[in-house]
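Inspection log for the structure reproduced underneath, given as structure tokens.
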Amino acid sequence: MHFYRPLGPIAALTFDLDDTLYDNGPVITRTERESLSFVQQYHPGLSELQTPDFQRLRQQLRLEEPEIYHDVTEWRRRAIERAMLEAGLSVEEANVGAAAAMDNFNQWRSRIDVPQETHDTLAKLAQKWPLVAVTNGNADPQLFGLGEYFKFVLRAGPHGRSKPYGDMYALAAQKLGVPHAQILHVGDDLTTDVAGAIRGGLQACWIMSRDNNLMQARDARLLPHLAISRLASLTALI
């Protein structure tokens with residue numbers, strides 16, 4: 001545990017999800033593969049759809065609606081819907097198909113192997129402080145065994161713009177009823193989690209990857225209050 005700023009009183013903790021509480025890389029790789037396979041098999045006109053085609057549709061939507069990226073779930077649904085429309089499905093058929101594809105996506109997205117260390121750490125921390133999940137993604141903690149530790153979950157899109165914008169940080173403070181400065185946000189990303197939290201008036205804890213540190217990180221903009229290499233190190237704050 002390395003301290004870079006004086007750590008003030010802590011009244012609550014907020015957590016990023018992906019790559020903070022579990023390894024998200026293999027989850028996304030598998031989910032993207034299975035999701036594409038589902039869409040390809042959904043209709044003959046989609047059998048040749050490939051990842052670059054899907055990325056093209058996403059980029060088109062981003063150019064037409066620049067703010068859509070804040071809600072990754074809706075962004076994906078709309079891209080799938082557009083692929084189905086281009087394949088010749090009617091508007092109603094594309095809407096139904098996109099919903100089915102998202103159901104499939106969500107099933108695979110929630111097949112996450114959470115380390116026991118994460119369960120143990122969150123359980124201990126939750127005994128002292130209220131915990132909140134704040135994510136730019138679409139993983140649902142209730143579906144992979146982490147829901148019981150959090151008072152609530154905030155997601156970009158439904159609950160405001162994505163991190164590093166301060167919308168969800170401010171909403172967390174409001175819902176918790178504690179000052180911004182007494183919330184410690186924990187995350188793996190130096191931009192969205194560390195810089196975003198600090199600019200939002202929170203304290204920040206950076207979880208370093210094995211091959212990264214502040215001297216090597218290209219995206220280090222603001223120093224975190226502390227940095228750790230293992231989630232379990234947070235229990236030292238109790």
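Labels for the structure tokens follow display order: chains A, B, ..., residues from 1 in each chain, ligands from 1.
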With a distance cut-off of 10 Å and only C-alpha atoms, select the neighbouring residues of Gly8 of chain A, excluding the residue or stretch itself and same-chain residues fewer than 2 positions from it, and output the selection as an MDAnalysis selection string.
chainID A and resid 5:6 10:11 181:184 203 225
Write down as a PyMOL selection string the residues belonging to segment 86-224 of chain A that are assigned strand (DSSP E) by DSSP computed on the backbone.
chain A and resi 131-135+152-155+183-187+203-207
Residues from the last selection, N, CA, C and O atoms, saved as a JSON list (two decimals), in the first residue's frame:
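File result.json, as written:
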[["chain", "number", "residue", "atom", "x", "y", "z"],
["A", 131, "LEU", "N", -21.05, 0.08, 0.96],
["A", 131, "LEU", "CA", -20.32, -0.09, -0.29],
["A", 131, "LEU", "C", -21.28, 0.13, -1.46],
["A", 131, "LEU", "O", -22.44, -0.27, -1.41],
["A", 132, "VAL", "N", -20.77, 0.74, -2.52],
["A", 132, "VAL", "CA", -21.57, 1.03, -3.71],
["A", 132, "VAL", "C", -20.75, 0.66, -4.95],
["A", 132, "VAL", "O", -19.54, 0.89, -4.98],
["A", 133, "ALA", "N", -21.39, 0.08, -5.94],
["A", 133, "ALA", "CA", -20.73, -0.20, -7.21],
["A", 133, "ALA", "C", -21.04, 0.94, -8.19],
["A", 133, "ALA", "O", -22.18, 1.36, -8.31],
["A", 134, "VAL", "N", -20.01, 1.43, -8.87],
["A", 134, "VAL", "CA", -20.15, 2.51, -9.84],
["A", 134, "VAL", "C", -19.44, 2.07, -11.12],
["A", 134, "VAL", "O", -18.22, 1.99, -11.16],
["A", 135, "THR", "N", -20.20, 1.76, -12.16],
["A", 135, "THR", "CA", -19.60, 1.14, -13.34],
["A", 135, "THR", "C", -20.00, 1.80, -14.65],
["A", 135, "THR", "O", -21.14, 2.26, -14.80],
["A", 152, "PHE", "N", -26.25, -0.24, -3.32],
["A", 152, "PHE", "CA", -26.88, -0.04, -4.61],
["A", 152, "PHE", "C", -25.80, -0.03, -5.68],
["A", 152, "PHE", "O", -24.60, 0.04, -5.38],
["A", 153, "VAL", "N", -26.24, -0.10, -6.94],
["A", 153, "VAL", "CA", -25.33, -0.12, -8.09],
["A", 153, "VAL", "C", -25.70, 1.03, -9.01],
["A", 153, "VAL", "O", -26.88, 1.23, -9.33],
["A", 154, "LEU", "N", -24.71, 1.80, -9.44],
["A", 154, "LEU", "CA", -24.92, 2.89, -10.39],
["A", 154, "LEU", "C", -24.26, 2.51, -11.70],
["A", 154, "LEU", "O", -23.10, 2.10, -11.73],
["A", 155, "ARG", "N", -25.02, 2.68, -12.81],
["A", 155, "ARG", "CA", -24.51, 2.34, -14.13],
["A", 155, "ARG", "C", -24.57, 3.55, -15.06],
["A", 155, "ARG", "O", -25.57, 4.28, -15.07],
["A", 183, "ILE", "N", -15.87, 9.84, 0.71],
["A", 183, "ILE", "CA", -16.04, 8.61, -0.06],
["A", 183, "ILE", "C", -14.70, 8.23, -0.67],
["A", 183, "ILE", "O", -14.02, 9.07, -1.28],
["A", 184, "LEU", "N", -14.30, 6.99, -0.51],
["A", 184, "LEU", "CA", -13.11, 6.47, -1.14],
["A", 184, "LEU", "C", -13.52, 5.61, -2.32],
["A", 184, "LEU", "O", -14.19, 4.59, -2.15],
["A", 185, "HIS", "N", -13.16, 6.05, -3.52],
["A", 185, "HIS", "CA", -13.48, 5.27, -4.73],
["A", 185, "HIS", "C", -12.30, 4.37, -5.08],
["A", 185, "HIS", "O", -11.16, 4.81, -5.09],
["A", 186, "VAL", "N", -12.59, 3.12, -5.40],
["A", 186, "VAL", "CA", -11.57, 2.12, -5.69],
["A", 186, "VAL", "C", -11.73, 1.65, -7.13],
["A", 186, "VAL", "O", -12.82, 1.22, -7.52],
["A", 187, "GLY", "N", -10.66, 1.73, -7.92],
["A", 187, "GLY", "CA", -10.76, 1.29, -9.31],
["A", 187, "GLY", "C", -9.40, 1.09, -9.94],
["A", 187, "GLY", "O", -8.37, 1.49, -9.40],
["A", 203, "GLN", "N", -12.07, 10.79, -2.63],
["A", 203, "GLN", "CA", -10.74, 10.25, -2.49],
["A", 203, "GLN", "C", -10.64, 9.04, -3.43],
["A", 203, "GLN", "O", -11.65, 8.45, -3.79],
["A", 204, "ALA", "N", -9.42, 8.70, -3.81],
["A", 204, "ALA", "CA", -9.26, 7.64, -4.81],
["A", 204, "ALA", "C", -8.19, 6.63, -4.41],
["A", 204, "ALA", "O", -7.10, 7.01, -3.96],
["A", 205, "CYS", "N", -8.53, 5.37, -4.64],
["A", 205, "CYS", "CA", -7.58, 4.27, -4.46],
["A", 205, "CYS", "C", -7.40, 3.58, -5.80],
["A", 205, "CYS", "O", -8.38, 3.14, -6.41],
["A", 206, "TRP", "N", -6.16, 3.49, -6.25],
["A", 206, "TRP", "CA", -5.85, 2.85, -7.53],
["A", 206, "TRP", "C", -5.37, 1.43, -7.30],
["A", 206, "TRP", "O", -4.45, 1.20, -6.51],
["A", 207, "ILE", "N", -5.98, 0.47, -7.98],
["A", 207, "ILE", "CA", -5.49, -0.91, -7.95],
["A", 207, "ILE", "C", -4.55, -1.07, -9.13],
["A", 207, "ILE", "O", -4.97, -1.05, -10.29]]
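Atom CA of Pro130 of chain A is positioned 28.9 Å from atom CA of Trp108 of chain A.
Remark: for Phe105 of chain A, the closest of the candidate residues A:His43, A:His119, A:Arg82, A:Arg30 is A:Arg30 (distances computed over only C-alpha atoms).
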Name the residues in contact with Ala172 of chain A at a cut-off of 8 Å, using only C-alpha atoms, excluding same-chain residues fewer than 2 positions from it; report them as a list in words.
Thr14, Val132, Leu154, Met168, Tyr169, Ala170, Gln174, Lys175 and Leu176 of chain A
Residue nearest Gly97 of chain A - candidates A:Tyr149, A:Thr20, A:Tyr42, A:Glu74, atoms counted: only C-alpha atoms
A:Tyr42
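The spacing separating atom CA of Arg78 of chain A from atom CA of Ala94 of chain A amounts to 9.7 Å.
Take the candidates A:Asp19, A:Glu32, A:Glu67, A:Glu86 and check each one against Gly157 of chain A using only C-alpha atoms; the shortest distance goes to A:Glu67.
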Step one, run DSSP on the backbone; step two, keep only residues of segment 80-117 of chain A assigned to helix (DSSP H, G or I); then write them as a VMD selection string.
chain A and resid 80 to 86 91 to 109 116 to 117
